[in-house]
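With TSV, C-alpha atoms and all ligand atoms inside, this is input_33.tsv:
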```tsv
chain	number	residue	atom	x	y	z
A	527	MET	CA	0.00	0.00	0.00
A	528	ARG	CA	2.95	2.30	0.71
A	529	ASP	CA	3.97	1.81	-2.90
A	530	LEU	CA	0.57	2.90	-4.10
A	531	VAL	CA	0.58	6.18	-2.19
A	532	ARG	CA	4.25	7.09	-2.45
A	533	GLU	CA	4.76	10.67	-3.65
A	534	THR	CA	8.38	10.50	-4.73
A	535	ARG	CA	9.98	7.83	-6.86
A	536	LEU	CA	13.62	7.09	-7.46
A	537	GLU	CA	14.82	5.10	-10.46
A	538	PRO	CA	18.28	4.18	-11.76
A	539	GLY	CA	17.51	6.39	-14.75
A	540	ASP	CA	17.34	9.43	-12.43
A	541	CYS	CA	21.02	9.02	-11.54
A	542	VAL	CA	24.12	10.21	-13.40
A	543	LEU	CA	27.49	8.74	-12.40
A	544	PRO	CA	30.57	11.00	-12.30
A	545	LEU	CA	33.72	9.28	-13.60
A	546	PHE	CA	37.39	10.32	-13.66
A	547	VAL	CA	39.50	9.47	-16.68
A	548	CYS	CA	43.30	9.53	-16.67
A	549	PRO	CA	46.13	8.67	-19.08
A	550	GLY	CA	47.62	5.20	-19.39
A	551	GLU	CA	46.44	1.64	-19.85
A	552	GLU	CA	44.82	-0.71	-17.37
A	553	VAL	CA	44.93	2.04	-14.73
A	554	ARG	CA	42.37	1.75	-11.94
A	555	ARG	CA	43.61	3.88	-9.06
A	556	GLU	CA	41.28	4.18	-6.09
A	557	ILE	CA	40.70	7.70	-4.78
A	558	ASN	CA	41.70	7.75	-1.13
A	559	SER	CA	38.94	10.00	0.15
A	560	MET	CA	36.24	8.44	-2.08
A	561	PRO	CA	36.27	4.66	-1.51
A	562	GLY	CA	34.95	2.73	-4.50
A	563	ASN	CA	35.74	5.56	-6.95
A	564	TYR	CA	38.72	5.39	-9.26
A	565	GLN	CA	40.83	7.33	-11.68
A	566	MET	CA	40.52	5.09	-14.74
A	567	SER	CA	42.38	4.91	-18.02
A	568	ILE	CA	40.22	4.89	-21.15
A	569	ASP	CA	40.24	1.09	-21.62
A	570	VAL	CA	39.02	0.55	-18.05
A	571	LEU	CA	36.51	3.39	-18.39
A	572	VAL	CA	34.98	1.83	-21.50
A	573	ARG	CA	34.40	-1.45	-19.64
A	574	GLU	CA	32.96	0.46	-16.67
A	575	CYS	CA	30.54	2.29	-18.97
A	576	GLU	CA	29.26	-0.95	-20.48
A	577	GLN	CA	28.32	-2.01	-16.94
A	578	VAL	CA	26.77	1.39	-16.19
A	579	ALA	CA	24.63	1.18	-19.34
A	580	GLU	CA	23.46	-2.30	-18.38
A	581	LEU	CA	22.33	-1.06	-14.95
A	582	GLY	CA	19.96	1.42	-16.59
A	583	ILE	CA	21.71	4.44	-15.10
A	584	GLY	CA	20.71	7.74	-16.73
A	585	GLY	CA	24.21	8.62	-17.93
A	586	ILE	CA	27.74	9.53	-16.92
A	587	ILE	CA	29.54	12.83	-16.45
A	588	LEU	CA	33.22	12.80	-17.31
A	589	PHE	CA	36.12	14.60	-15.62
A	590	GLY	CA	39.63	14.45	-17.03
A	591	ILE	CA	43.05	14.27	-15.46
A	592	PRO	CA	45.41	15.40	-18.24
A	593	VAL	CA	49.02	14.24	-18.79
A	594	SER	CA	50.24	17.74	-18.01
A	595	LYS	CA	48.82	21.05	-16.83
A	596	ASP	CA	49.80	24.57	-17.85
A	597	GLU	CA	48.88	28.23	-17.28
A	598	GLU	CA	46.62	28.22	-20.33
A	599	ALA	CA	44.60	25.04	-19.63
A	600	SER	CA	45.52	23.79	-23.12
A	601	GLY	CA	44.45	20.25	-22.25
A	602	ALA	CA	40.87	21.41	-21.77
A	603	HIS	CA	40.22	22.07	-25.47
A	604	ASP	CA	42.80	19.78	-27.08
A	605	GLU	CA	41.05	17.65	-29.75
A	606	SER	CA	43.16	14.72	-28.60
A	607	GLY	CA	42.85	15.62	-24.91
A	608	ILE	CA	41.96	13.02	-22.31
A	609	VAL	CA	38.22	13.76	-22.14
A	610	GLN	CA	37.88	14.12	-25.91
A	611	GLN	CA	39.50	10.71	-26.47
A	612	ALA	CA	37.44	9.17	-23.68
A	613	VAL	CA	34.14	10.43	-25.10
A	614	ARG	CA	34.95	8.99	-28.52
A	615	ALA	CA	35.87	5.62	-27.01
A	616	VAL	CA	32.84	5.41	-24.71
A	617	LYS	CA	30.36	6.42	-27.43
A	618	ARG	CA	31.93	3.87	-29.81
A	619	ALA	CA	31.39	1.07	-27.27
A	620	SER	CA	28.11	2.20	-25.61
A	621	SER	CA	26.36	4.38	-28.16
A	622	LYS	CA	23.12	4.69	-26.17
A	623	LEU	CA	24.72	5.77	-22.89
A	624	ILE	CA	24.24	9.51	-22.31
A	625	VAL	CA	27.66	11.10	-21.98
A	626	ILE	CA	27.86	14.50	-20.29
A	627	THR	CA	31.16	16.37	-20.14
A	628	ASP	CA	32.11	18.77	-17.37
A	629	VAL	CA	33.39	21.97	-18.97
A	630	CYS	CA	35.91	23.66	-16.68
A	631	ASN	CA	39.57	24.59	-16.55
A	632	CYS	CA	40.59	23.74	-13.00
A	633	GLU	CA	41.72	20.22	-13.86
A	634	TYR	CA	43.92	21.62	-16.64
A	635	THR	CA	45.53	24.71	-15.14
A	636	SER	CA	48.82	24.47	-13.25
A	637	HIS	CA	47.40	26.92	-10.68
A	638	GLY	CA	44.16	24.95	-10.24
A	639	HIS	CA	41.81	27.87	-10.82
A	640	CYS	CA	38.79	27.61	-13.13
A	641	GLY	CA	39.90	30.46	-15.39
A	642	LYS	CA	42.68	32.52	-16.85
A	643	ILE	CA	44.76	34.41	-14.28
A	644	VAL	CA	45.34	38.08	-15.05
A	645	ASP	CA	47.06	40.22	-12.40
A	646	GLY	CA	46.73	37.53	-9.77
A	647	ASP	CA	42.99	37.02	-10.22
A	648	VAL	CA	40.68	34.96	-12.43
A	649	ASP	CA	39.67	37.04	-15.46
A	650	ASN	CA	36.02	36.28	-16.23
A	651	ASP	CA	35.81	37.44	-19.83
A	652	ALA	CA	39.17	36.06	-20.95
A	653	THR	CA	38.03	32.66	-19.66
A	654	LEU	CA	34.90	32.55	-21.82
A	655	GLU	CA	36.89	31.79	-24.96
A	656	TRP	CA	38.66	28.85	-23.28
A	657	LEU	CA	35.32	27.43	-22.13
A	658	THR	CA	33.75	27.79	-25.55
A	659	ARG	CA	36.65	26.00	-27.22
A	660	ALA	CA	36.48	23.18	-24.69
A	661	ALA	CA	32.71	22.76	-25.08
A	662	VAL	CA	32.94	22.69	-28.88
A	663	SER	CA	35.73	20.10	-28.74
A	664	HIS	CA	33.59	17.93	-26.44
A	665	ALA	CA	30.61	18.17	-28.79
A	666	ARG	CA	32.84	17.32	-31.74
A	667	SER	CA	34.02	14.20	-29.89
A	668	GLY	CA	30.40	13.10	-29.45
A	669	ALA	CA	29.33	14.42	-26.04
A	670	ASP	CA	25.52	14.36	-25.71
A	671	ILE	CA	25.38	17.25	-23.21
A	672	VAL	CA	28.00	19.80	-22.14
A	673	ALA	CA	27.95	21.02	-18.54
A	674	PRO	CA	29.91	24.18	-17.66
A	675	SER	CA	30.87	24.18	-13.97
A	676	ASP	CA	33.27	27.13	-13.86
A	677	MET	CA	30.74	29.79	-12.71
A	678	MET	CA	32.07	32.57	-14.99
A	679	ASP	CA	29.37	35.09	-15.90
A	680	GLY	CA	28.17	34.94	-19.50
A	681	ARG	CA	29.59	31.51	-20.22
A	682	VAL	CA	26.29	29.88	-21.21
A	683	GLU	CA	25.72	32.45	-23.93
A	684	ALA	CA	29.32	32.19	-25.14
A	685	ILE	CA	29.17	28.39	-25.26
A	686	ARG	CA	25.74	28.42	-26.98
A	687	ASN	CA	27.05	30.75	-29.69
A	688	GLY	CA	30.18	28.67	-30.10
A	689	LEU	CA	28.26	25.41	-30.40
A	690	ASP	CA	25.80	26.88	-32.90
A	691	ALA	CA	28.58	28.34	-35.04
A	692	ALA	CA	30.38	24.98	-35.10
A	693	GLY	CA	27.23	23.15	-36.22
A	694	PHE	CA	26.17	21.74	-32.84
A	695	LYS	CA	22.78	23.43	-32.56
A	696	ASN	CA	21.32	20.29	-31.02
A	697	THR	CA	23.85	19.85	-28.24
A	698	PRO	CA	22.17	20.93	-24.99
A	699	ILE	CA	23.82	22.84	-22.16
A	700	LEU	CA	23.39	21.66	-18.57
A	701	SER	CA	24.46	24.66	-16.57
A	702	TYR	CA	25.89	24.37	-13.06
A	703	ALA	CA	23.79	27.48	-12.46
A	704	ALA	CA	23.76	27.69	-8.68
A	705	LYS	CA	27.12	26.36	-7.56
A	706	TYR	CA	28.23	27.28	-4.08
A	707	ALA	CA	31.80	27.79	-2.80
A	708	SER	CA	31.54	24.63	-0.73
A	709	VAL	CA	33.81	22.71	1.60
A	710	PHE	CA	32.09	19.57	0.35
A	711	TYR	CA	34.15	19.56	-2.88
A	712	GLY	CA	37.22	18.57	-0.86
A	713	PRO	CA	37.45	14.90	-1.86
A	714	PHE	CA	36.79	15.74	-5.54
A	715	ARG	CA	39.82	17.98	-5.62
A	716	GLU	CA	41.92	14.99	-4.63
A	717	ALA	CA	40.18	12.87	-7.29
A	718	ALA	CA	40.61	15.45	-10.07
A	719	GLU	CA	43.90	16.82	-8.72
A	720	SER	CA	42.40	20.30	-9.03
A	721	ALA	CA	42.84	22.10	-5.70
A	722	PRO	CA	43.67	25.80	-6.25
A	723	GLN	CA	47.35	26.48	-5.58
A	724	PHE	CA	46.60	29.95	-4.14
A	725	GLY	CA	43.48	31.70	-2.90
A	726	ASP	CA	40.07	30.07	-3.19
A	727	ARG	CA	37.05	30.02	-5.52
A	728	ARG	CA	34.91	32.54	-3.62
A	729	SER	CA	35.24	35.22	-6.30
A	730	TYR	CA	33.29	33.07	-8.76
A	731	GLN	CA	31.38	30.46	-6.74
A	732	MET	CA	28.43	31.46	-4.56
A	733	ASP	CA	28.21	32.39	-0.88
A	734	PRO	CA	26.44	29.59	1.04
A	735	ALA	CA	24.45	32.26	2.88
A	736	ASN	CA	22.60	33.40	-0.26
A	737	ALA	CA	19.38	31.90	-1.61
A	738	ARG	CA	17.86	34.70	-3.72
A	739	GLU	CA	21.16	35.07	-5.51
A	740	ALA	CA	20.88	31.44	-6.64
A	741	LEU	CA	17.57	32.17	-8.33
A	742	ARG	CA	19.09	35.18	-10.05
A	743	GLU	CA	22.03	33.08	-11.28
A	744	ILE	CA	19.65	30.42	-12.61
A	745	GLU	CA	17.45	33.00	-14.33
A	746	LEU	CA	20.47	34.54	-16.08
A	747	ASP	CA	21.67	31.15	-17.28
A	748	LEU	CA	18.22	30.32	-18.67
A	749	GLU	CA	18.09	33.67	-20.46
A	750	GLU	CA	21.50	32.92	-21.95
A	751	GLY	CA	20.20	29.62	-23.33
A	752	ALA	CA	20.76	26.91	-20.71
A	753	ASP	CA	18.61	23.86	-21.48
A	754	MET	CA	18.91	22.33	-18.02
A	755	ILE	CA	19.99	23.82	-14.71
A	756	MET	CA	21.80	22.45	-11.68
A	757	VAL	CA	22.04	23.16	-7.97
A	758	LYS	CA	25.25	22.02	-6.27
A	759	PRO	CA	25.87	20.65	-3.62
A	760	ALA	CA	22.55	18.90	-2.97
A	761	MET	CA	21.76	17.93	0.65
A	762	PRO	CA	22.92	21.16	2.33
A	763	TYR	CA	20.94	23.09	-0.33
A	764	LEU	CA	17.58	21.30	-0.50
A	765	ASP	CA	15.85	24.65	0.05
A	766	ILE	CA	17.52	26.01	-3.08
A	767	ILE	CA	16.44	22.96	-5.09
A	768	ARG	CA	12.85	23.45	-3.87
A	769	ALA	CA	12.89	27.18	-4.67
A	770	ALA	CA	14.33	26.55	-8.14
A	771	ARG	CA	11.71	23.85	-8.81
A	772	GLU	CA	8.91	26.24	-7.88
A	773	ARG	CA	10.21	29.15	-9.93
A	774	PHE	CA	11.49	27.47	-13.11
A	775	ASP	CA	10.08	24.85	-15.46
A	776	ALA	CA	13.40	23.78	-16.97
A	777	PRO	CA	14.79	20.32	-16.18
A	778	LEU	CA	16.53	20.55	-12.83
A	779	ALA	CA	19.55	18.56	-11.73
A	780	ALA	CA	21.24	18.38	-8.34
A	781	TYR	CA	24.79	17.22	-7.60
A	782	GLN	CA	25.30	15.08	-4.53
A	783	VAL	CA	28.96	16.04	-4.37
A	784	SER	CA	32.08	14.21	-3.26
A	785	GLY	CA	31.95	15.42	0.36
A	786	GLU	CA	28.33	14.29	0.72
A	787	PHE	CA	29.35	10.89	-0.63
A	788	SER	CA	32.42	10.62	1.60
A	789	MET	CA	30.57	11.61	4.78
A	790	ILE	CA	28.00	8.86	4.28
A	791	MET	CA	30.68	6.37	3.30
A	792	ALA	CA	32.86	7.19	6.32
A	793	ALA	CA	29.97	6.85	8.74
A	794	ALA	CA	28.93	3.56	7.17
A	795	ARG	CA	32.51	2.22	7.36
A	796	ASN	CA	32.53	3.05	11.07
A	797	GLY	CA	29.31	1.12	11.54
A	798	TRP	CA	27.45	4.32	12.45
A	799	LEU	CA	24.99	4.31	9.55
A	800	ASP	CA	23.38	1.68	7.37
A	801	LEU	CA	24.88	2.40	3.95
A	802	ASP	CA	22.08	1.11	1.74
A	803	ARG	CA	19.40	3.02	3.62
A	804	ALA	CA	21.51	6.17	3.70
A	805	ILE	CA	21.96	6.00	-0.08
A	806	LEU	CA	18.26	5.62	-0.81
A	807	GLU	CA	17.10	8.14	1.79
A	808	SER	CA	19.57	10.82	0.69
A	809	LEU	CA	18.72	10.41	-3.00
A	810	THR	CA	14.98	10.28	-2.35
A	811	SER	CA	15.15	13.49	-0.31
A	812	ILE	CA	16.92	15.26	-3.17
A	813	ARG	CA	14.23	14.07	-5.60
A	814	ARG	CA	11.51	15.11	-3.12
A	815	ALA	CA	13.01	18.61	-2.92
A	816	GLY	CA	12.39	18.83	-6.66
A	817	ALA	CA	15.38	17.57	-8.63
A	818	ASP	CA	14.54	15.68	-11.83
A	819	PHE	CA	17.89	13.92	-11.84
A	820	ILE	CA	20.88	13.58	-9.54
A	821	LEU	CA	24.59	13.43	-10.21
A	822	THR	CA	25.78	10.95	-7.60
A	823	TYR	CA	28.75	8.71	-6.84
A	824	PHE	CA	26.15	6.24	-5.51
A	825	ALA	CA	24.53	5.75	-8.95
A	826	LYS	CA	25.63	2.12	-9.31
A	827	ASP	CA	24.72	1.19	-5.72
A	828	ALA	CA	21.34	2.88	-6.10
A	829	ALA	CA	20.68	1.05	-9.35
A	830	ARG	CA	21.50	-2.29	-7.71
A	831	LEU	CA	19.34	-1.50	-4.67
A	832	LEU	CA	16.42	-0.36	-6.81
A	833	GLY	CA	16.82	-3.18	-9.34
B	1	LIG	C1	35.05	21.83	-11.43
B	1	LIG	C2	34.17	21.01	-10.57
B	1	LIG	C3	34.24	20.75	-9.19
B	1	LIG	C4	33.25	19.80	-8.92
B	1	LIG	C5	32.60	19.54	-10.11
B	1	LIG	N1	33.18	20.30	-11.11
B	1	LIG	C6	35.20	21.20	-8.17
B	1	LIG	C7	35.27	22.60	-7.75
B	1	LIG	O1	34.54	23.48	-8.16
B	1	LIG	O2	36.19	22.83	-6.96
B	1	LIG	C8	32.98	19.19	-7.58
B	1	LIG	C9	32.27	17.87	-7.61
B	1	LIG	C10	32.32	17.11	-6.34
B	1	LIG	O3	32.76	17.57	-5.27
B	1	LIG	O4	31.88	15.95	-6.38
B	1	LIG	N2	35.05	23.18	-11.20
```

Kindly return the structure encoded in the file as C-alpha cells.
Amino acid sequence: MRDLVRETRLEPGDCVLPLFVCPGEEVRREINSMPGNYQMSIDVLVRECEQVAELGIGGIILFGIPVSKDEEASGAHDESGIVQQAVRAVKRASSKLIVITDVCNCEYTSHGHCGKIVDGDVDNDATLEWLTRAAVSHARSGADIVAPSDMMDGRVEAIRNGLDAAGFKNTPILSYAAKYASVFYGPFREAAESAPQFGDRRSYQMDPANAREALREIELDLEEGADMIMVKPAMPYLDIIRAARERFDAPLAAYQVSGEFSMIMAAARNGWLDLDRAILESLTSIRRAGADFILTYFAKDAARLLG
C-alpha cells in the first residue's frame, strides 16, 4: 500500500554517475577519500561504462586528469585531450549511454583555478573563450550534453554561440547554475587533482548564505540559453532545489557532491549508519526537494538496490 501512495519515486535512470578518466592503460587507481571511486584509463573506463549502461543508469559525467597542466589550460580544449579521447571511445562502445562532459579549466591549469589568471585574479571574460573552445571540442568528440561548472558570468551564452557556429545546434547545455563555494568539494579535488594552488574560488562560486542570488544566477543562465539547470551541492541546499523547482520549469539537476558521498561512506565504514538506507534516503530526499535527476557517486549502488 505504501507503494501505491508514495509521492516521490527514485529510479536508476534518475542518476548520473561521475567518472574520472586519466592517461595510461589498465589504470584503476582508487581515490583515497572516495572509496569505490577510481581514476581510470580509457580502456578501463569503456568497460565500466558498459556495466553502467546495463544497470539502466541515466548517464555519466566525465572529468579528465590530463598528462600535463599549464597556465593556459591547453588540455581542456585539445582535440586529442583526455576527455575528448574518452568520449569517442565510450560512445563507440556504448552508443546509447548519455555522456555529459564537465566543462571547466581547473583540472587543466597548473594553478588549479577555473579560469585565466590576469594580475593575480581569475579574469572572467578572458576565460569565456577557453570554455567555448572546450565545449565545442567535447561536442565534436560526441558528447551528448555539455555542462559548464566554472561559474564565470556569460559563459552559457558564449558556449551556446560557439556550439551553434560549429554546427552543434542540437547539443544541450546543462548549466551548473547555482554552484556554491563549498567545503564539500574537498574529496573531488583529490580525485581530479584540481585544488587551487593559491586563494580560493569565492570570487566566482556562490556564498552559502545566499538563496535569492541562486535564483538570479539560474534566471540569467536560462536567459543565456541553458537547457537544463543544476544546484550544487545537494543535501545542504535542499531549500535552493525546492525554490528553483517552484520558480522554473526547466529540467533541474542536483549534484550530490564528493563530500556528501564521503561523509555517508565514512559513517557507514565506522558502523554508524546503514549504507544502503543512507543511499536511498539521501537520493529520495533530493528528488523530493524537486530535482529531476541527480549526479551521484552512488549511482551504481542505487541502481542495484532499486533493481
Ligand atoms: C570543477 C568542478 C568541481 C566539482 C565539479 N566540477 C570542483 C570545484 O569546483 O572545486 C565538484 C564535484 C564534487 O565535489 O563531487 N570546477

Task: Environment of ligand LIG 1 (chain B) within 9 Å, counting only C-alpha atoms and all ligand atoms, reported as a PyMOL selection string - done: chain A and resi 544+589+628-633+638-640+674-677+702+705-715+717-718+720-722+727+731+758-759+781-787+821-823

Task: Contact residues around Arg535 in chain A with only C-alpha atoms at 10 Å, ignoring same-chain residues under 5 positions, as a PyMOL selection string - done: chain A and resi 529+540+809-810+813-814

Nearby residues (all atoms listed in the file) at most 12 Å from Glu537 in chain A, same-chain spacing under 3 positions excluded, as a short mmCIF file (atom, residue, chain, number, x, y, z; two decimals) with C-alpha atoms, in the frame of the given file:
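Contents of selection08.cif, freshly written:
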```cif
data_model
loop_
_atom_site.label_atom_id
_atom_site.label_comp_id
_atom_site.auth_asym_id
_atom_site.auth_seq_id
_atom_site.Cartn_x
_atom_site.Cartn_y
_atom_site.Cartn_z
CA THR A 534 8.38 10.50 -4.73
CA ASP A 540 17.34 9.43 -12.43
CA CYS A 541 21.02 9.02 -11.54
CA VAL A 542 24.12 10.21 -13.40
CA LEU A 581 22.33 -1.06 -14.95
CA GLY A 582 19.96 1.42 -16.59
CA ILE A 583 21.71 4.44 -15.10
CA GLY A 584 20.71 7.74 -16.73
CA LEU A 806 18.26 5.62 -0.81
CA LEU A 809 18.72 10.41 -3.00
CA THR A 810 14.98 10.28 -2.35
CA ARG A 813 14.23 14.07 -5.60
CA ASP A 818 14.54 15.68 -11.83
CA PHE A 819 17.89 13.92 -11.84
CA ILE A 820 20.88 13.58 -9.54
CA ALA A 825 24.53 5.75 -8.95
CA LYS A 826 25.63 2.12 -9.31
CA ASP A 827 24.72 1.19 -5.72
CA ALA A 828 21.34 2.88 -6.10
CA ALA A 829 20.68 1.05 -9.35
CA ARG A 830 21.50 -2.29 -7.71
CA LEU A 831 19.34 -1.50 -4.67
CA LEU A 832 16.42 -0.36 -6.81
CA GLY A 833 16.82 -3.18 -9.34
#
```

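Across the structure, CA of Ile699 in chain A and CA of Ala602 in chain A are spaced 17.1 Å apart.
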
TODO: Would you mind reading off the distance between CA of Arg666 in chain A and CA of Leu748 in chain A, one decimal, in Å?
DONE: 23.5 Å

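The closest residue to Val644 in chain A, picked from A:Asp604, A:Glu597, A:Asp690, A:Asp670 and counting all atoms listed in the file, is A:Glu597.
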
Task: Spatial neighbours of Arg686 in chain A, 8 Å, only C-alpha atoms, chain gap at least 2 places, as number ranges by chain - done: A: 682-684, 688-690, 699, 750-751

C-alpha atoms of the current selection, written as a PDB file, keeping the file's coordinate frame:
```pdb
ATOM      1  CA  VAL A 682      26.290  29.880 -21.210  1.00  0.00           C
ATOM      2  CA  GLU A 683      25.720  32.450 -23.930  1.00  0.00           C
ATOM      3  CA  ALA A 684      29.320  32.190 -25.140  1.00  0.00           C
ATOM      4  CA  GLY A 688      30.180  28.670 -30.100  1.00  0.00           C
ATOM      5  CA  LEU A 689      28.260  25.410 -30.400  1.00  0.00           C
ATOM      6  CA  ASP A 690      25.800  26.880 -32.900  1.00  0.00           C
ATOM      7  CA  ILE A 699      23.820  22.840 -22.160  1.00  0.00           C
ATOM      8  CA  GLU A 750      21.500  32.920 -21.950  1.00  0.00           C
ATOM      9  CA  GLY A 751      20.200  29.620 -23.330  1.00  0.00           C
TER      10      GLY A 751
END
```

Task: Separation of CA of Arg681 in chain A from CA of Leu657 in chain A, in Å and rounded to one decimal - done: 7.3 Å

- [ ] Write out as a VMD selection string which residues come within 12 Å of range 613-622 of chain A when counting only C-alpha atoms, dropping same-chain ones fewer than 3 positions away.
- [x] chain A and resid 545 to 547 567 to 580 582 to 590 605 to 610 625 to 628 663 to 672

Same residues, C-alpha atoms, output as a short mmCIF file (atom, residue, chain, number, x, y, z; two decimals), in the frame of the given file:
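Result written to part_32.cif:
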```cif
data_model
loop_
_atom_site.label_atom_id
_atom_site.label_comp_id
_atom_site.auth_asym_id
_atom_site.auth_seq_id
_atom_site.Cartn_x
_atom_site.Cartn_y
_atom_site.Cartn_z
CA LEU A 545 33.72 9.28 -13.60
CA PHE A 546 37.39 10.32 -13.66
CA VAL A 547 39.50 9.47 -16.68
CA SER A 567 42.38 4.91 -18.02
CA ILE A 568 40.22 4.89 -21.15
CA ASP A 569 40.24 1.09 -21.62
CA VAL A 570 39.02 0.55 -18.05
CA LEU A 571 36.51 3.39 -18.39
CA VAL A 572 34.98 1.83 -21.50
CA ARG A 573 34.40 -1.45 -19.64
CA GLU A 574 32.96 0.46 -16.67
CA CYS A 575 30.54 2.29 -18.97
CA GLU A 576 29.26 -0.95 -20.48
CA GLN A 577 28.32 -2.01 -16.94
CA VAL A 578 26.77 1.39 -16.19
CA ALA A 579 24.63 1.18 -19.34
CA GLU A 580 23.46 -2.30 -18.38
CA GLY A 582 19.96 1.42 -16.59
CA ILE A 583 21.71 4.44 -15.10
CA GLY A 584 20.71 7.74 -16.73
CA GLY A 585 24.21 8.62 -17.93
CA ILE A 586 27.74 9.53 -16.92
CA ILE A 587 29.54 12.83 -16.45
CA LEU A 588 33.22 12.80 -17.31
CA PHE A 589 36.12 14.60 -15.62
CA GLY A 590 39.63 14.45 -17.03
CA GLU A 605 41.05 17.65 -29.75
CA SER A 606 43.16 14.72 -28.60
CA GLY A 607 42.85 15.62 -24.91
CA ILE A 608 41.96 13.02 -22.31
CA VAL A 609 38.22 13.76 -22.14
CA GLN A 610 37.88 14.12 -25.91
CA VAL A 625 27.66 11.10 -21.98
CA ILE A 626 27.86 14.50 -20.29
CA THR A 627 31.16 16.37 -20.14
CA ASP A 628 32.11 18.77 -17.37
CA SER A 663 35.73 20.10 -28.74
CA HIS A 664 33.59 17.93 -26.44
CA ALA A 665 30.61 18.17 -28.79
CA ARG A 666 32.84 17.32 -31.74
CA SER A 667 34.02 14.20 -29.89
CA GLY A 668 30.40 13.10 -29.45
CA ALA A 669 29.33 14.42 -26.04
CA ASP A 670 25.52 14.36 -25.71
CA ILE A 671 25.38 17.25 -23.21
CA VAL A 672 28.00 19.80 -22.14
#
```

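Nearest residue to Gln611 in chain A among A:Leu700, A:Ala804, A:Ala735, A:Cys548 is A:Cys548, counting only C-alpha atoms.
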
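Nearest residue to Ile557 in chain A, choosing from A:Pro777, A:Asp747, A:Ala740, A:Glu716 and counting all atoms listed in the file: A:Glu716.
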
TODO: Write out as a VMD selection string the residues lying within 9 Å of Gly641 in chain A, counting all atoms listed in the file and excluding same-chain residues fewer than 5 positions away.
DONE: chain A and resid 598 to 599 630 to 632 635 647 to 650 652 to 654 656 to 657 676 678

Open item on the list: Taking only C-alpha atoms into account, name the residue in A:Asp733, A:Glu533, A:Glu655, A:Asp645 that is nearest to His603 in chain A.
Closed with: A:Glu655

TODO: Compare A:Thr658, A:Gln565, A:Asn558, A:Gln723 by their minimum atom-to-atom distance to Gly646 in chain A, counting all atoms listed in the file, and give me the closest one.
DONE: A:Gln723

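The smallest atom-to-atom distance between Leu764 in chain A and any of A:Ala817, A:Leu801, A:Ala792, A:Leu536, using all atoms listed in the file, is found for A:Ala817.
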